[in-house]
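Listing of target01.pdb; format and content: PDB, C-alpha atoms, pLDDT in the B column.
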MODEL        1
ATOM      1  CA  MET A   1      58.130  52.833 -93.161  1.00 34.00           C
ATOM      2  CA  ASP A   2      60.685  50.158 -92.336  1.00 44.00           C
ATOM      3  CA  ILE A   3      64.051  50.933 -93.922  1.00 45.00           C
ATOM      4  CA  LEU A   4      65.214  47.316 -93.614  1.00 46.00           C
ATOM      5  CA  ARG A   5      64.522  44.806 -96.337  1.00 49.00           C
ATOM      6  CA  PRO A   6      63.160  41.735 -94.554  1.00 49.00           C
ATOM      7  CA  MET A   7      64.949  38.433 -94.757  1.00 49.00           C
ATOM      8  CA  SER A   8      62.782  35.753 -96.212  1.00 49.00           C
ATOM      9  CA  GLY A   9      61.263  33.314 -93.764  1.00 48.00           C
ATOM     10  CA  LEU A  10      63.585  33.372 -90.768  1.00 85.00           C
ATOM     11  CA  SER A  11      61.244  32.648 -87.926  1.00 90.00           C
ATOM     12  CA  LEU A  12      62.445  30.367 -85.149  1.00 92.00           C
ATOM     13  CA  PHE A  13      60.443  28.734 -82.367  1.00 93.00           C
ATOM     14  CA  LEU A  14      62.460  28.673 -79.144  1.00 94.00           C
ATOM     15  CA  ALA A  15      60.889  26.060 -76.894  1.00 94.00           C
ATOM     16  CA  ASP A  16      62.770  27.008 -73.732  1.00 94.00           C
ATOM     17  CA  ALA A  17      65.649  28.999 -72.233  1.00 94.00           C
ATOM     18  CA  ARG A  18      68.203  26.537 -73.638  1.00 94.00           C
ATOM     19  CA  ALA A  19      66.918  27.169 -77.170  1.00 94.00           C
ATOM     20  CA  THR A  20      67.247  30.927 -76.575  1.00 94.00           C
ATOM     21  CA  ASP A  21      70.821  30.324 -75.378  1.00 94.00           C
ATOM     22  CA  ARG A  22      71.558  28.313 -78.554  1.00 93.00           C
ATOM     23  CA  LEU A  23      70.247  31.170 -80.673  1.00 94.00           C
ATOM     24  CA  GLY A  24      72.452  33.586 -78.701  1.00 95.00           C
ATOM     25  CA  ARG A  25      75.526  31.416 -79.297  1.00 94.00           C
ATOM     26  CA  ALA A  26      74.694  31.102 -82.995  1.00 93.00           C
ATOM     27  CA  LEU A  27      74.274  34.874 -83.311  1.00 94.00           C
ATOM     28  CA  ALA A  28      77.525  35.476 -81.428  1.00 94.00           C
ATOM     29  CA  ASP A  29      79.372  33.339 -83.981  1.00 91.00           C
ATOM     30  CA  ARG A  30      78.100  35.598 -86.755  1.00 91.00           C
ATOM     31  CA  LEU A  31      78.590  39.051 -85.217  1.00 93.00           C
ATOM     32  CA  HIS A  32      81.471  41.363 -86.032  1.00 93.00           C
ATOM     33  CA  PRO A  33      82.545  44.756 -84.692  1.00 95.00           C
ATOM     34  CA  GLY A  34      80.257  47.362 -86.202  1.00 94.00           C
ATOM     35  CA  ASP A  35      77.149  45.152 -86.162  1.00 95.00           C
ATOM     36  CA  THR A  36      73.983  46.413 -84.502  1.00 95.00           C
ATOM     37  CA  VAL A  37      71.286  44.031 -83.283  1.00 96.00           C
ATOM     38  CA  LEU A  38      67.906  45.524 -82.414  1.00 96.00           C
ATOM     39  CA  LEU A  39      66.072  43.440 -79.810  1.00 97.00           C
ATOM     40  CA  GLU A  40      62.324  43.992 -79.909  1.00 97.00           C
ATOM     41  CA  GLY A  41      59.494  42.554 -77.840  1.00 96.00           C
ATOM     42  CA  GLU A  42      57.273  43.133 -74.846  1.00 96.00           C
ATOM     43  CA  LEU A  43      58.506  43.107 -71.252  1.00 93.00           C
ATOM     44  CA  GLY A  44      59.600  39.568 -70.403  1.00 90.00           C
ATOM     45  CA  ALA A  45      59.912  38.492 -74.044  1.00 94.00           C
ATOM     46  CA  GLY A  46      63.543  37.401 -73.555  1.00 94.00           C
ATOM     47  CA  LYS A  47      65.520  40.340 -74.953  1.00 96.00           C
ATOM     48  CA  SER A  48      67.963  40.522 -72.036  1.00 95.00           C
ATOM     49  CA  HIS A  49      68.230  36.729 -71.909  1.00 95.00           C
ATOM     50  CA  LEU A  50      69.216  36.611 -75.581  1.00 96.00           C
ATOM     51  CA  ALA A  51      71.660  39.528 -75.205  1.00 96.00           C
ATOM     52  CA  ARG A  52      73.266  37.800 -72.198  1.00 96.00           C
ATOM     53  CA  ALA A  53      73.721  34.593 -74.219  1.00 96.00           C
ATOM     54  CA  VAL A  54      75.337  36.530 -77.085  1.00 96.00           C
ATOM     55  CA  ILE A  55      77.712  38.459 -74.799  1.00 95.00           C
ATOM     56  CA  GLN A  56      78.775  35.468 -72.720  1.00 95.00           C
ATOM     57  CA  SER A  57      79.300  33.340 -75.818  1.00 93.00           C
ATOM     58  CA  MET A  58      81.521  36.013 -77.373  1.00 94.00           C
ATOM     59  CA  GLN A  59      83.497  36.289 -74.126  1.00 93.00           C
ATOM     60  CA  ALA A  60      83.870  32.514 -73.720  1.00 92.00           C
ATOM     61  CA  ARG A  61      85.820  32.330 -76.991  1.00 88.00           C
ATOM     62  CA  THR A  62      88.601  34.584 -75.726  1.00 85.00           C
ATOM     63  CA  GLY A  63      88.688  34.647 -71.936  1.00 79.00           C
ATOM     64  CA  PRO A  64      86.681  34.865 -68.762  1.00 77.00           C
ATOM     65  CA  VAL A  65      82.904  35.222 -68.898  1.00 84.00           C
ATOM     66  CA  GLU A  66      81.433  38.106 -66.909  1.00 81.00           C
ATOM     67  CA  ASP A  67      78.111  38.363 -65.155  1.00 82.00           C
ATOM     68  CA  VAL A  68      75.771  40.167 -67.557  1.00 86.00           C
ATOM     69  CA  PRO A  69      72.975  41.977 -65.727  1.00 77.00           C
ATOM     70  CA  SER A  70      70.190  43.717 -67.587  1.00 82.00           C
ATOM     71  CA  PRO A  71      71.095  47.372 -68.178  1.00 80.00           C
ATOM     72  CA  THR A  72      67.549  48.429 -67.276  1.00 77.00           C
ATOM     73  CA  TYR A  73      68.716  51.055 -64.771  1.00 73.00           C
ATOM     74  CA  THR A  74      72.202  51.846 -66.082  1.00 81.00           C
ATOM     75  CA  LEU A  75      70.854  52.038 -69.664  1.00 89.00           C
ATOM     76  CA  VAL A  76      74.206  50.926 -71.135  1.00 90.00           C
ATOM     77  CA  GLN A  77      76.723  48.244 -70.145  1.00 91.00           C
ATOM     78  CA  THR A  78      79.991  47.729 -72.013  1.00 91.00           C
ATOM     79  CA  TYR A  79      81.906  44.459 -72.262  1.00 92.00           C
ATOM     80  CA  SER A  80      85.047  43.239 -73.972  1.00 90.00           C
ATOM     81  CA  ALA A  81      85.567  39.989 -75.856  1.00 92.00           C
ATOM     82  CA  GLY A  82      88.920  39.345 -77.480  1.00 86.00           C
ATOM     83  CA  GLY A  83      89.589  43.014 -78.067  1.00 86.00           C
ATOM     84  CA  ALA A  84      86.129  43.662 -79.486  1.00 90.00           C
ATOM     85  CA  GLU A  85      83.832  46.012 -77.615  1.00 95.00           C
ATOM     86  CA  ILE A  86      80.241  44.921 -76.959  1.00 95.00           C
ATOM     87  CA  VAL A  87      77.643  47.522 -75.992  1.00 95.00           C
ATOM     88  CA  HIS A  88      74.376  46.324 -74.439  1.00 95.00           C
ATOM     89  CA  ALA A  89      71.754  49.068 -74.165  1.00 94.00           C
ATOM     90  CA  ASP A  90      68.253  48.965 -72.697  1.00 94.00           C
ATOM     91  CA  LEU A  91      66.388  52.098 -73.727  1.00 93.00           C
ATOM     92  CA  TYR A  92      63.133  51.276 -71.917  1.00 93.00           C
ATOM     93  CA  ARG A  93      63.688  53.908 -69.205  1.00 88.00           C
ATOM     94  CA  LEU A  94      65.029  56.561 -71.554  1.00 86.00           C
ATOM     95  CA  GLY A  95      63.305  59.762 -70.479  1.00 77.00           C
ATOM     96  CA  ASP A  96      63.826  61.807 -73.626  1.00 78.00           C
ATOM     97  CA  PRO A  97      65.439  61.098 -77.027  1.00 74.00           C
ATOM     98  CA  SER A  98      67.961  63.867 -76.331  1.00 78.00           C
ATOM     99  CA  GLU A  99      69.478  61.566 -73.660  1.00 81.00           C
ATOM    100  CA  LEU A 100      70.765  59.310 -76.447  1.00 80.00           C
ATOM    101  CA  ASP A 101      73.677  61.704 -77.021  1.00 78.00           C
ATOM    102  CA  GLU A 102      74.909  61.114 -73.473  1.00 82.00           C
ATOM    103  CA  LEU A 103      74.847  57.330 -73.881  1.00 84.00           C
ATOM    104  CA  GLY A 104      77.397  57.250 -76.692  1.00 82.00           C
ATOM    105  CA  LEU A 105      75.377  54.822 -78.798  1.00 86.00           C
ATOM    106  CA  GLU A 106      75.803  56.849 -81.969  1.00 84.00           C
ATOM    107  CA  GLU A 107      79.588  56.517 -81.694  1.00 85.00           C
ATOM    108  CA  ALA A 108      79.409  52.829 -80.744  1.00 90.00           C
ATOM    109  CA  MET A 109      77.229  51.846 -83.702  1.00 90.00           C
ATOM    110  CA  GLY A 110      79.514  51.086 -86.587  1.00 87.00           C
ATOM    111  CA  GLN A 111      82.444  50.248 -84.293  1.00 93.00           C
ATOM    112  CA  ALA A 112      81.316  47.930 -81.489  1.00 95.00           C
ATOM    113  CA  VAL A 113      78.883  45.049 -81.485  1.00 96.00           C
ATOM    114  CA  CYS A 114      75.733  46.820 -80.260  1.00 96.00           C
ATOM    115  CA  LEU A 115      72.789  44.950 -78.742  1.00 97.00           C
ATOM    116  CA  ILE A 116      69.944  47.416 -78.267  1.00 96.00           C
ATOM    117  CA  GLU A 117      66.729  46.648 -76.405  1.00 95.00           C
ATOM    118  CA  TRP A 118      63.712  48.885 -77.061  1.00 94.00           C
ATOM    119  CA  PRO A 119      65.159  50.301 -80.320  1.00 94.00           C
ATOM    120  CA  ASP A 120      61.913  52.169 -81.020  1.00 91.00           C
ATOM    121  CA  ARG A 121      63.347  54.877 -78.758  1.00 90.00           C
ATOM    122  CA  LEU A 122      66.277  55.521 -81.112  1.00 89.00           C
ATOM    123  CA  ASP A 123      66.232  58.667 -83.230  1.00 82.00           C
ATOM    124  CA  ARG A 124      67.580  56.731 -86.168  1.00 84.00           C
ATOM    125  CA  VAL A 125      68.100  53.040 -86.838  1.00 86.00           C
ATOM    126  CA  PRO A 126      71.212  51.905 -88.723  1.00 87.00           C
ATOM    127  CA  PRO A 127      70.045  50.669 -92.135  1.00 87.00           C
ATOM    128  CA  ASP A 128      72.193  47.537 -91.883  1.00 90.00           C
ATOM    129  CA  ALA A 129      70.991  46.494 -88.409  1.00 93.00           C
ATOM    130  CA  LEU A 130      69.644  43.043 -87.659  1.00 94.00           C
ATOM    131  CA  ARG A 131      66.204  43.011 -86.025  1.00 94.00           C
ATOM    132  CA  VAL A 132      65.296  40.218 -83.669  1.00 96.00           C
ATOM    133  CA  ALA A 133      61.649  40.409 -82.612  1.00 96.00           C
ATOM    134  CA  LEU A 134      60.769  38.115 -79.711  1.00 97.00           C
ATOM    135  CA  SER A 135      57.237  37.193 -78.699  1.00 97.00           C
ATOM    136  CA  ALA A 136      55.616  34.633 -76.425  1.00 95.00           C
ATOM    137  CA  GLU A 137      54.285  31.552 -78.159  1.00 95.00           C
ATOM    138  CA  GLY A 138      52.799  28.671 -76.212  1.00 93.00           C
ATOM    139  CA  GLU A 139      55.292  27.558 -73.582  1.00 93.00           C
ATOM    140  CA  GLY A 140      58.198  29.154 -75.465  1.00 94.00           C
ATOM    141  CA  ARG A 141      58.878  32.135 -77.654  1.00 95.00           C
ATOM    142  CA  ARG A 142      59.124  33.003 -81.321  1.00 95.00           C
ATOM    143  CA  ALA A 143      62.159  34.830 -82.735  1.00 95.00           C
ATOM    144  CA  ARG A 144      61.689  36.634 -86.035  1.00 94.00           C
ATOM    145  CA  LEU A 145      64.900  37.873 -87.640  1.00 93.00           C
ATOM    146  CA  SER A 146      65.088  40.458 -90.392  1.00 90.00           C
ATOM    147  CA  GLY A 147      67.742  42.723 -91.768  1.00 87.00           C
ATOM    148  CA  ALA A 148      69.440  44.165 -94.790  1.00 83.00           C
ATOM    149  CA  ALA A 149      70.487  41.803 -97.548  1.00 79.00           C
ATOM    150  CA  GLY A 150      73.972  41.373 -96.046  1.00 80.00           C
ATOM    151  CA  TRP A 151      72.540  39.439 -93.120  1.00 85.00           C
ATOM    152  CA  GLU A 152      70.912  36.762 -95.236  1.00 81.00           C
ATOM    153  CA  ALA A 153      74.139  34.945 -96.073  1.00 78.00           C
ATOM    154  CA  ARG A 154      75.510  35.229 -92.527  1.00 80.00           C
ATOM    155  CA  LEU A 155      72.373  33.730 -90.996  1.00 80.00           C
ATOM    156  CA  ALA A 156      71.510  31.144 -93.647  1.00 77.00           C
ATOM    157  CA  ALA A 157      72.292  28.159 -91.399  1.00 66.00           C
ATOM    158  CA  LEU A 158      70.921  29.719 -88.226  1.00 74.00           C
ATOM    159  CA  ARG A 159      67.802  27.535 -88.151  1.00 62.00           C
ATOM    160  CA  GLU A 160      69.850  24.349 -87.801  1.00 63.00           C
ATOM    161  CA  VAL A 161      72.459  25.801 -85.441  1.00 60.00           C
ATOM    162  CA  ALA A 162      69.833  27.235 -83.092  1.00 53.00           C
ATOM    163  CA  GLY A 163      68.123  23.872 -82.992  1.00 49.00           C
ATOM    164  CA  ALA A 164      64.751  25.378 -83.760  1.00 43.00           C
TER
ENDMDL
END

Mind converting the file's structure to structure tokens?
Amino acid sequence: MDILRPMSGLSLFLADARATDRLGRALADRLHPGDTVLLEGELGAGKSHLARAVIQSMQARTGPVEDVPSPTYTLVQTYSAGGAEIVHADLYRLGDPSELDELGLEEAMGQAVCLIEWPDRLDRVPPDALRVALSAEGEGRRARLSGAAGWEARLAALREVAGA
């Protein structure tokens, strides 16, 4: 049973990498410390690409932009943007759910901006998280966004901003 109430009709076609970058910038403009974004999709769906666009956009507003590699092997990478902490986690290689305690995600959720790939490996999902499900579609990809009611107002203009 999904504990998130879906947002009505927010499905965006992203024709290319630039459209995914625009979505990342638009999301970055709407994220605040304490927000959790769950990035879902198959291998190669664009989860790390979208996370990179969000992180670099947040950093560009306040200072230098860092290289943002996928945390596939490190599992968690932490960044700073204007005093806000950003946690990017890739749980694909998580060996056992008990390893989550060592990653510090529980403490980060609710304080930092958390971007979590492969969230199905979490013991518990924050009820106010935003889900972004990415899937291949034609030459591009489809992004389906859903979350608790609080996200609806923050993302109302996302379709136009993302250029989708």

Q | Residues selected by the PyMOL selection byres ((chain A and resi 151) around 12), written as a ChimeraX atom specification | A | /A:4-8,10,27,30-32,35-37,127-132,145-150,152-158

Convert the current residue selection to file output with C-alpha atoms, as a PDB file, keeping the file's coordinate frame.
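Heads up, here's the output in part.pdb:
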ATOM      1  CA  LEU A   4      65.214  47.316 -93.614  1.00 46.00           C
ATOM      2  CA  ARG A   5      64.522  44.806 -96.337  1.00 49.00           C
ATOM      3  CA  PRO A   6      63.160  41.735 -94.554  1.00 49.00           C
ATOM      4  CA  MET A   7      64.949  38.433 -94.757  1.00 49.00           C
ATOM      5  CA  SER A   8      62.782  35.753 -96.212  1.00 49.00           C
ATOM      6  CA  LEU A  10      63.585  33.372 -90.768  1.00 85.00           C
ATOM      7  CA  LEU A  27      74.274  34.874 -83.311  1.00 94.00           C
ATOM      8  CA  ARG A  30      78.100  35.598 -86.755  1.00 91.00           C
ATOM      9  CA  LEU A  31      78.590  39.051 -85.217  1.00 93.00           C
ATOM     10  CA  HIS A  32      81.471  41.363 -86.032  1.00 93.00           C
ATOM     11  CA  ASP A  35      77.149  45.152 -86.162  1.00 95.00           C
ATOM     12  CA  THR A  36      73.983  46.413 -84.502  1.00 95.00           C
ATOM     13  CA  VAL A  37      71.286  44.031 -83.283  1.00 96.00           C
ATOM     14  CA  PRO A 127      70.045  50.669 -92.135  1.00 87.00           C
ATOM     15  CA  ASP A 128      72.193  47.537 -91.883  1.00 90.00           C
ATOM     16  CA  ALA A 129      70.991  46.494 -88.409  1.00 93.00           C
ATOM     17  CA  LEU A 130      69.644  43.043 -87.659  1.00 94.00           C
ATOM     18  CA  ARG A 131      66.204  43.011 -86.025  1.00 94.00           C
ATOM     19  CA  VAL A 132      65.296  40.218 -83.669  1.00 96.00           C
ATOM     20  CA  LEU A 145      64.900  37.873 -87.640  1.00 93.00           C
ATOM     21  CA  SER A 146      65.088  40.458 -90.392  1.00 90.00           C
ATOM     22  CA  GLY A 147      67.742  42.723 -91.768  1.00 87.00           C
ATOM     23  CA  ALA A 148      69.440  44.165 -94.790  1.00 83.00           C
ATOM     24  CA  ALA A 149      70.487  41.803 -97.548  1.00 79.00           C
ATOM     25  CA  GLY A 150      73.972  41.373 -96.046  1.00 80.00           C
ATOM     26  CA  GLU A 152      70.912  36.762 -95.236  1.00 81.00           C
ATOM     27  CA  ALA A 153      74.139  34.945 -96.073  1.00 78.00           C
ATOM     28  CA  ARG A 154      75.510  35.229 -92.527  1.00 80.00           C
ATOM     29  CA  LEU A 155      72.373  33.730 -90.996  1.00 80.00           C
ATOM     30  CA  ALA A 156      71.510  31.144 -93.647  1.00 77.00           C
ATOM     31  CA  ALA A 157      72.292  28.159 -91.399  1.00 66.00           C
ATOM     32  CA  LEU A 158      70.921  29.719 -88.226  1.00 74.00           C
TER      33      LEU A 158
END

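Ranking A:Ala112, A:Tyr79, A:Met58, A:Val68 by their shortest atom-to-atom distance to Arg25 (chain A), with only C-alpha atoms included, puts A:Met58 first.
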
Q: Select, from A:Asp96, A:Glu42, A:Asp21, A:Asp90, the residue with the minimum atom-to-atom distance to Thr78 (chain A), counting all atoms listed in the file.
A: A:Asp90

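Taking CA of Arg142 (chain A) and CA of Gly110 (chain A) as endpoints, the distance between them is 27.8 Å.
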
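Distance-wise, CA of Ser135 (chain A) and CA of Glu99 (chain A) end up 27.7 Å apart.
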
Q) Separation of CA of Gly24 (chain A) and CA of Glu102 (chain A), in Å? A) 28.1 Å
